[in-house]
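*Asks:* What follows is the file query-v2.txt, containing compact mmCIF, C-alpha atoms (C1' of nucleotides):
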# COMPACT_ATOMS: atom_id res chain seq x y z
CA MET A 111 33.20 27.11 -3.65
CA ALA A 112 32.18 23.83 -2.12
CA TYR A 113 28.66 25.14 -2.46
CA VAL A 114 29.12 25.82 -6.16
CA LEU A 115 30.47 22.34 -6.68
CA ARG A 116 27.51 20.83 -4.94
CA VAL A 117 25.10 22.80 -7.07
CA LEU A 118 26.91 21.82 -10.24
CA GLN A 119 26.74 18.20 -9.20
CA GLY A 120 23.10 18.88 -8.50
CA SER A 121 23.35 17.21 -5.14
CA THR A 122 23.14 18.88 -1.80
CA GLU A 123 22.66 16.58 1.13
CA ASP A 124 18.98 16.71 0.33
CA THR A 125 18.94 13.94 -2.25
CA VAL A 126 21.09 11.69 -0.10
CA PHE A 127 18.89 12.02 2.98
CA GLN A 128 15.85 11.50 0.82
CA ALA A 129 17.33 8.36 -0.75
CA LEU A 130 18.43 6.84 2.55
CA ALA A 131 15.15 7.59 4.28
CA ASP A 132 13.56 4.47 2.85
CA PRO A 133 14.43 1.20 4.63
CA SER A 134 14.30 -0.89 1.46
CA ARG A 135 16.72 1.49 -0.20
CA ARG A 136 19.10 1.34 2.74
CA ALA A 137 18.89 -2.46 2.65
CA ILE A 138 19.72 -2.46 -1.06
CA PHE A 139 22.58 -0.07 -0.47
CA GLU A 140 23.95 -2.18 2.37
CA SER A 141 23.66 -5.26 0.21
CA LEU A 142 25.67 -3.56 -2.51
CA THR A 143 28.48 -2.71 -0.10
CA ARG A 144 29.21 -6.44 0.01
CA GLY A 145 29.97 -6.41 -3.68
CA GLU A 146 28.68 -5.62 -7.12
CA ALA A 147 25.33 -7.16 -7.95
CA ALA A 148 22.85 -7.35 -10.80
CA VAL A 149 19.24 -6.27 -10.49
CA LYS A 150 18.24 -9.88 -10.75
CA ASP A 151 20.33 -10.75 -7.70
CA LEU A 152 18.86 -7.97 -5.60
CA THR A 153 15.37 -8.91 -6.69
CA ALA A 154 16.08 -12.43 -5.47
CA ARG A 155 17.48 -11.32 -2.10
CA PHE A 156 14.67 -9.03 -1.11
CA GLU A 157 11.03 -9.81 -1.55
CA LEU A 158 10.44 -7.01 -3.98
CA SER A 159 9.33 -7.01 -7.58
CA GLN A 160 11.92 -6.26 -10.23
CA PRO A 161 10.44 -2.84 -11.07
CA ALA A 162 10.48 -1.88 -7.41
CA VAL A 163 14.17 -2.73 -7.18
CA SER A 164 14.91 -0.84 -10.38
CA GLN A 165 13.11 2.23 -9.10
CA HIS A 166 14.99 2.15 -5.82
CA LEU A 167 18.25 1.80 -7.72
CA ALA A 168 17.32 4.75 -9.90
CA THR A 169 16.76 6.85 -6.78
CA LEU A 170 20.05 5.75 -5.24
CA ARG A 171 21.73 6.49 -8.56
CA GLY A 172 20.21 9.95 -8.66
CA ALA A 173 21.60 10.61 -5.21
CA GLY A 174 25.06 9.55 -6.35
CA LEU A 175 25.12 6.65 -3.91
CA VAL A 176 25.31 4.00 -6.62
CA GLU A 177 26.63 3.52 -10.12
CA SER A 178 25.71 1.08 -12.85
CA ARG A 179 27.54 -0.75 -15.59
CA ARG A 180 26.28 -3.04 -18.32
CA GLU A 181 27.69 -6.52 -18.50
CA GLY A 182 26.03 -8.65 -21.11
CA ARG A 183 22.33 -8.48 -20.58
CA CYS A 184 22.74 -7.75 -16.90
CA VAL A 185 23.25 -4.34 -15.36
CA MET A 186 25.70 -4.47 -12.51
CA TYR A 187 25.29 -1.99 -9.66
CA ARG A 188 28.00 -0.97 -7.24
CA VAL A 189 28.30 1.47 -4.36
CA GLU A 190 29.75 4.88 -5.09
CA PRO A 191 31.79 5.67 -1.94
CA ARG A 192 31.89 9.40 -2.57
CA GLY A 193 28.10 9.47 -2.54
CA LEU A 194 28.12 9.35 1.24
CA GLN A 195 30.26 12.46 1.40
CA PRO A 196 27.36 14.96 1.66
CA LEU A 197 26.05 12.99 4.61
CA VAL A 198 29.47 12.90 6.24
CA ASP A 199 29.84 16.63 5.63
CA TRP A 200 26.48 17.36 7.15
CA ILE A 201 27.25 15.34 10.24
CA THR A 202 30.72 16.81 10.51
CA HIS A 203 29.13 20.23 10.69
CA TYR A 204 27.64 19.19 14.02
CA ARG A 205 30.72 17.45 15.31
CA ALA A 206 30.59 19.70 18.35
CA PHE A 207 27.71 17.57 19.55
CA TRP A 208 29.24 14.23 18.86
CA THR A 209 30.20 11.67 21.43
CA ASP A 210 33.64 11.47 22.96
CA ARG A 211 34.91 8.94 20.47
CA VAL A 212 34.23 11.05 17.43
CA GLY A 213 35.30 14.15 19.28
CA ARG A 214 38.62 12.50 19.89
CA LEU A 215 38.87 11.73 16.20
CA GLU A 216 38.35 15.33 15.27
CA ARG A 217 40.90 16.51 17.77
CA LEU A 218 43.35 14.07 16.30
CA LEU A 219 42.71 15.42 12.84
CA THR A 220 43.25 18.97 13.97
CA GLU A 221 46.56 18.03 15.53
CA LEU A 222 47.56 16.13 12.44
CA GLU A 223 46.86 18.99 10.08
CA ARG A 224 48.72 21.42 12.29
CA MET B 50 24.40 -6.14 22.66
CA ALA B 51 24.39 -2.85 20.87
CA TYR B 52 21.48 -4.28 18.95
CA VAL B 53 19.58 -5.10 22.12
CA LEU B 54 20.16 -1.59 23.41
CA ARG B 55 18.83 -0.10 20.21
CA VAL B 56 15.72 -2.22 20.38
CA LEU B 57 15.16 -1.31 24.01
CA GLN B 58 15.48 2.34 23.17
CA GLY B 59 13.05 1.67 20.38
CA SER B 60 15.21 3.54 17.94
CA THR B 61 17.14 1.98 15.16
CA GLU B 62 18.57 4.40 12.64
CA ASP B 63 15.20 4.26 10.94
CA THR B 64 13.50 7.05 12.90
CA VAL B 65 16.52 9.31 12.61
CA PHE B 66 16.78 8.98 8.84
CA GLN B 67 13.07 9.51 8.57
CA ALA B 68 13.20 12.63 10.72
CA LEU B 69 16.15 14.16 8.88
CA ALA B 70 14.72 13.41 5.45
CA ASP B 71 12.59 16.55 5.56
CA PRO B 72 14.40 19.82 4.74
CA SER B 73 12.27 21.89 7.11
CA ARG B 74 13.08 19.50 9.92
CA ARG B 75 16.80 19.66 9.17
CA ALA B 76 16.56 23.46 9.12
CA ILE B 77 14.85 23.46 12.50
CA PHE B 78 17.42 21.05 13.88
CA GLU B 79 20.29 23.17 12.56
CA SER B 80 18.68 26.24 14.05
CA LEU B 81 18.50 24.54 17.43
CA THR B 82 22.20 23.69 17.36
CA ARG B 83 22.82 27.41 17.75
CA GLY B 84 21.08 27.37 21.06
CA GLU B 85 17.88 26.57 22.90
CA ALA B 86 14.77 28.12 21.41
CA ALA B 87 11.04 28.32 22.03
CA VAL B 88 8.46 27.24 19.49
CA LYS B 89 7.52 30.86 19.05
CA ASP B 90 11.08 31.73 18.04
CA LEU B 91 11.28 28.94 15.48
CA THR B 92 7.90 29.90 14.09
CA ALA B 93 9.23 33.42 13.61
CA ARG B 94 12.45 32.31 11.91
CA PHE B 95 10.92 30.03 9.35
CA GLU B 96 7.84 30.80 7.36
CA LEU B 97 5.84 28.01 8.85
CA SER B 98 2.69 28.01 10.93
CA GLN B 99 3.00 27.25 14.61
CA PRO B 100 1.30 23.84 14.31
CA ALA B 101 3.67 22.89 11.51
CA VAL B 102 6.66 23.72 13.69
CA SER B 103 5.19 21.82 16.63
CA GLN B 104 4.61 18.76 14.48
CA HIS B 105 8.15 18.85 13.15
CA LEU B 106 9.47 19.19 16.69
CA ALA B 107 7.36 16.23 17.77
CA THR B 108 8.91 14.13 15.01
CA LEU B 109 12.44 15.23 15.93
CA ARG B 110 11.62 14.48 19.56
CA GLY B 111 10.38 11.02 18.65
CA ALA B 112 13.66 10.37 16.87
CA GLY B 113 15.61 11.42 19.96
CA LEU B 114 17.19 14.34 18.14
CA VAL B 115 15.61 16.97 20.34
CA GLU B 116 14.39 17.44 23.88
CA SER B 117 11.93 19.87 25.40
CA ARG B 118 11.58 21.71 28.69
CA ARG B 119 8.88 23.97 30.01
CA GLU B 120 9.86 27.45 31.04
CA GLY B 121 6.91 29.58 32.02
CA ARG B 122 4.40 29.43 29.25
CA CYS B 123 7.07 28.70 26.66
CA VAL B 124 8.44 25.28 25.79
CA MET B 125 12.15 25.42 25.16
CA TYR B 126 13.64 22.94 22.68
CA ARG B 127 17.27 21.92 22.56
CA VAL B 128 19.34 19.49 20.52
CA GLU B 129 20.01 16.08 21.99
CA PRO B 130 23.59 15.30 20.87
CA ARG B 131 23.26 11.56 21.39
CA GLY B 132 20.38 11.52 18.97
CA LEU B 133 22.79 11.63 16.05
CA GLN B 134 24.56 8.53 17.29
CA PRO B 135 22.50 6.03 15.24
CA LEU B 136 23.35 8.01 12.13
CA VAL B 137 27.04 8.12 13.04
CA ASP B 138 26.96 4.39 13.76
CA TRP B 139 25.33 3.64 10.44
CA ILE B 140 27.87 5.69 8.53
CA THR B 141 30.74 4.26 10.51
CA HIS B 142 29.65 0.82 9.40
CA TYR B 143 30.56 1.81 5.86
CA ARG B 144 33.77 3.61 6.74
CA ALA B 145 35.59 1.26 4.41
CA PHE B 146 34.10 3.25 1.57
CA TRP B 147 34.83 6.66 2.89
CA THR B 148 37.10 9.18 1.29
CA ASP B 149 40.76 9.53 2.12
CA ARG B 150 40.19 12.13 4.77
CA VAL B 151 37.92 9.97 6.85
CA GLY B 152 39.97 6.92 6.06
CA ARG B 153 42.94 8.70 7.52
CA LEU B 154 40.91 9.47 10.61
CA GLU B 155 40.04 5.86 11.11
CA ARG B 156 43.61 4.76 10.67
CA LEU B 157 44.62 7.31 13.26
CA LEU B 158 42.07 5.94 15.68
CA THR B 159 43.28 2.41 15.18
CA GLU B 160 46.84 3.46 15.91
CA LEU B 161 45.72 5.39 18.94
CA GLU B 162 43.83 2.49 20.44
CA ARG B 163 46.73 0.14 19.88
C1' DA C 210 -11.68 34.90 37.49
C1' DC C 211 -10.73 36.20 33.04
C1' DA C 212 -8.25 37.61 28.99
C1' DA C 213 -4.09 36.93 26.48
C1' DC C 214 -0.36 34.22 25.32
C1' DA C 215 2.33 29.74 24.05
C1' DC C 216 1.84 25.45 22.62
C1' DA C 217 -0.24 20.75 21.50
C1' DT C 218 -3.55 18.11 19.19
C1' DA C 219 -7.39 16.98 15.96
C1' DA C 220 -9.37 16.88 11.42
C1' DG C 221 -9.13 17.43 6.73
C1' DC C 222 -6.79 18.43 2.23
C1' DC C 223 -3.52 17.69 -1.19
C1' DA C 224 1.01 16.27 -2.95
C1' DT C 225 4.34 12.89 -2.78
C1' DG C 226 6.08 8.20 -2.78
C1' DG C 227 6.34 3.30 -3.09
C1' DC C 228 4.22 -0.59 -4.96
C1' DT C 229 1.86 -3.16 -8.56
C1' DT C 230 0.87 -4.69 -13.51
C1' DA C 231 1.79 -3.85 -18.16
C1' DT C 232 4.77 -2.64 -21.75
C1' DG C 233 9.09 -0.96 -24.11
C1' DT C 234 14.34 -1.53 -24.99
C1' DG C 235 18.55 -4.30 -25.29
C1' DT C 236 21.11 -8.46 -25.28
C1' DT C 237 22.04 -13.44 -25.76
C1' DG C 238 21.64 -17.97 -27.96
C1' DC C 239 19.57 -21.07 -31.16
C1' DG D 95 15.25 -13.71 -37.15
C1' DC D 96 13.08 -15.12 -33.07
C1' DA D 97 12.34 -16.62 -28.41
C1' DA D 98 13.98 -15.95 -23.86
C1' DC D 99 16.14 -13.26 -20.58
C1' DA D 100 17.40 -8.79 -17.90
C1' DC D 101 16.14 -4.50 -17.11
C1' DA D 102 13.86 0.23 -17.59
C1' DT D 103 9.85 2.89 -17.91
C1' DA D 104 4.80 4.06 -17.87
C1' DA D 105 0.40 4.18 -15.68
C1' DG D 106 -2.41 3.64 -11.90
C1' DC D 107 -3.50 2.64 -6.97
C1' DC D 108 -3.18 3.37 -2.24
C1' DA D 109 -0.82 4.78 2.00
C1' DT D 110 1.86 8.15 4.00
C1' DG D 111 3.23 12.83 5.11
C1' DG D 112 3.27 17.72 5.52
C1' DC D 113 0.44 21.61 5.63
C1' DT D 114 -3.67 24.15 6.88
C1' DT D 115 -7.57 25.74 10.08
C1' DA D 116 -9.86 24.91 14.25
C1' DT D 117 -9.86 23.71 18.92
C1' DG D 118 -8.07 22.02 23.48
C1' DT D 119 -4.63 22.54 27.52
C1' DG D 120 -1.53 25.26 30.46
C1' DT D 121 0.47 29.41 32.09
C1' DT D 122 0.87 34.40 33.07
C1' DG D 123 -0.77 38.90 34.48
C1' DT D 124 -4.28 41.93 35.99
Would it be possible to restate this file's structure as structure tokens?
*Replies:*
Amino acid sequence: MAYVLRVLQGSTEDTVFQALADPSRRAIFESLTRGEAAVKDLTARFELSQPAVSQHLATLRGAGLVESRREGRCVMYRVEPRGLQPLVDWITHYRAFWTDRVGRLERLLTELER
Amino acid sequence: MAYVLRVLQGSTEDTVFQALADPSRRAIFESLTRGEAAVKDLTARFELSQPAVSQHLATLRGAGLVESRREGRCVMYRVEPRGLQPLVDWITHYRAFWTDRVGRLERLLTELER
DNA sequence: ACAACACATAAGCCATGGCTTATGTGTTGC
DNA sequence: GCAACACATAAGCCATGGCTTATGTGTTGT
């Protein structure tokens, strides 16, 4: 069922990993976590051309990590929290190998849900 | 301090993201979580040539996600749990944006440590 | 010692990806 | 309407990456 949902959304963890593999894209994403920003702003922060930034944003958008909204002649981009979910899910699948801290977290969750 | 350690280890989250970006590499990694395996075994499981598998393993090894050990004429590969830590750290940094479930986990941790 | 096995590495090929410049699409203000 | 701004998209270039075949390095067994 979760699988079906993922397929319908068209996003397995594949797109997310792919999107976050690039350092510039991660930097842009991190920058957006500090608040909504226009393409112009991001272009100013990083030493990238405007098309480069737009292309990175398109990739992040395709991975569901980011959303956009028009405001006047600017396009504001913001982080889409749920976009990280596939990554969290993937990692959670290997929680057996995590460090003590995360292991403790999982144990807590189990106890909570019981 | 954590930063210094990362630099000394020579591994920011960069190598890990890079290594996990490839589907074949993730598949190999996932396969290894089910237990130690030789290159020959992995080559048999996936439809990849032996050199391809070796190269993927070398990349995973470089990212600290996997370790190797000689046993006779085979080289056994196993998952290195701590290798996922940079990824967990990176995601944890954006925990503010996580879904309710993870948010609940974090709140639990905070209460626990207090 | 030699053949067979298991693996790593080298070299080359081809697809992909990220960047650039150039151009198209909206939107604002005069 | 028109110029200026903000952004998206197209086209092309070049580096990178993943795969292949071919070859080198160890290890086992006879």
*Asks:* What is the atom C1' of DA102 of chain D-atom CA of Asp132 of chain A distance in Å, reported with one decimal?
*Replies:*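 Spanning atom C1' of DA102 of chain D to atom CA of Asp132 of chain A is a straight-line distance of 20.9 Å.
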*Asks:* Using all atoms listed in the file, I'd like every residue of chain D that has an atom within 9 Å of chain B; please write them out as a count of residues only.
*Replies:* 6
*Asks:* Up to 8 Å from chain B, what residues of chain C turn up? Count only C-alpha atoms (C1' of nucleotides) and give them as an MDAnalysis selection string.
*Replies:* chainID C and resid 214:217
*Asks:* What's the separation between atom CA of Ser117 of chain B and atom CA of Ala68 of chain B, in Å to one decimal place?
*Replies:*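 Atom CA of Ala68 of chain B lies 16.4 Å from atom CA of Ser117 of chain B.
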*Asks:* Nearest to chain B: which of A:Ala137, A:Ala131, A:Val126, A:Val163 is it, counting all atoms listed in the file?
*Replies:* A:Ala131
*Asks:* Quote the spacing between atom C1' of DA219 of chain C and atom C1' of DA116 of chain D in Å to one decimal place.
*Replies:*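 Value for the atom C1' of DA219 of chain C-atom C1' of DA116 of chain D distance: 8.5 Å.
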*Asks:* Would you kindly report the residues of chain A within 6 Å of chain B, using only C-alpha atoms, as a PyMOL selection string?
*Replies:* chain A and resi 127-128+131+191+207
*Asks:* Once you add 8 Å to each side, what are the centre and edge lengths of the axis-aligned box holding all listed atoms of segment 72-76 of chain B? One decimal in Å, as AutoDock Vina command-line options, if you can.
*Replies:*
--center_x 14.5 --center_y 21.5 --center_z 7.3 --size_x 20.5 --size_y 20.0 --size_z 21.2
*Asks:* Check the smallest atom-to-atom distance from each of B:Phe95, B:Thr61, B:Arg127, B:Trp139 to Leu109 of chain B using all atoms listed in the file, then report the winner.
*Replies:*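 Of the candidates, the smallest distance to Leu109 of chain B is held by B:Arg127.
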